[in-house]
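Student: Once you've had a glance at the structure underneath, I'll fire off some questions.
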Amino acid sequence: MEDKNLLAIGHINKLYLLSGVLGVLLDYCIMQAICHLGPAYAISIVLVAQLTMAVLIDTLGWFGFEKAPLP
């Protein structure tokens, strides 16, 4: 780890900053869903969404991955 000032965020890759903000937003939305829907239903939705995105990424070859057809 380099000795850098933590407040000097101007030199950080903007994609890293955006992903951090999106991560906080996602956590907030999941917490609100747990409050409104209950933990089992909310976490089930999150897991199904993650698995769906994983299948789409693999089958369509997004983000530089090789296309993997569904069996």
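Following the order of the structure tokens, chains are lettered A, B, ..., residues in each are numbered from 1, and ligands are numbered from 1.
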As a ChimeraX atom specification, please: every residue in chain A that DSSP puts in helix (DSSP H, G or I).
Tutor: /A:9-11,14-37,39-60,62-64
Student: Identify, on the basis of only C-alpha atoms, every residue whose closest approach to range 54-59 of chain A does not exceed 9 Å; exclude the query and any residue fewer than 5 positions from it along the same chain; express the result as a ChimeraX atom specification.
Tutor: /A:49,65-70
Student: Residues at most 9 Å from range 26-31 of chain A, counting only C-alpha atoms, excluding those fewer than 6 positions away in the same chain, as a CSV table (one decimal) with C-alpha atoms, in the first residue's frame?
Tutor:
```csv
chain,number,residue,atom,x,y,z
A,39,PRO,CA,-35.6,-11.4,5.3
A,42,ALA,CA,-35.8,-10.2,0.1
A,43,ILE,CA,-32.7,-12.4,0.2
A,46,VAL,CA,-31.3,-11.0,-4.4
```
Student: Have a look at CA of Ile34 in chain A and CA of Gln50 in chain A and let me know their distance in Å, one decimal.
Tutor: 16.7 Å
Student: Compare A:Ala8, A:Leu17, A:Leu60, A:Ala33 by their minimum atom-to-atom distance to Ile45 in chain A, counting only C-alpha atoms, and give me the closest one.
Tutor: A:Ala33
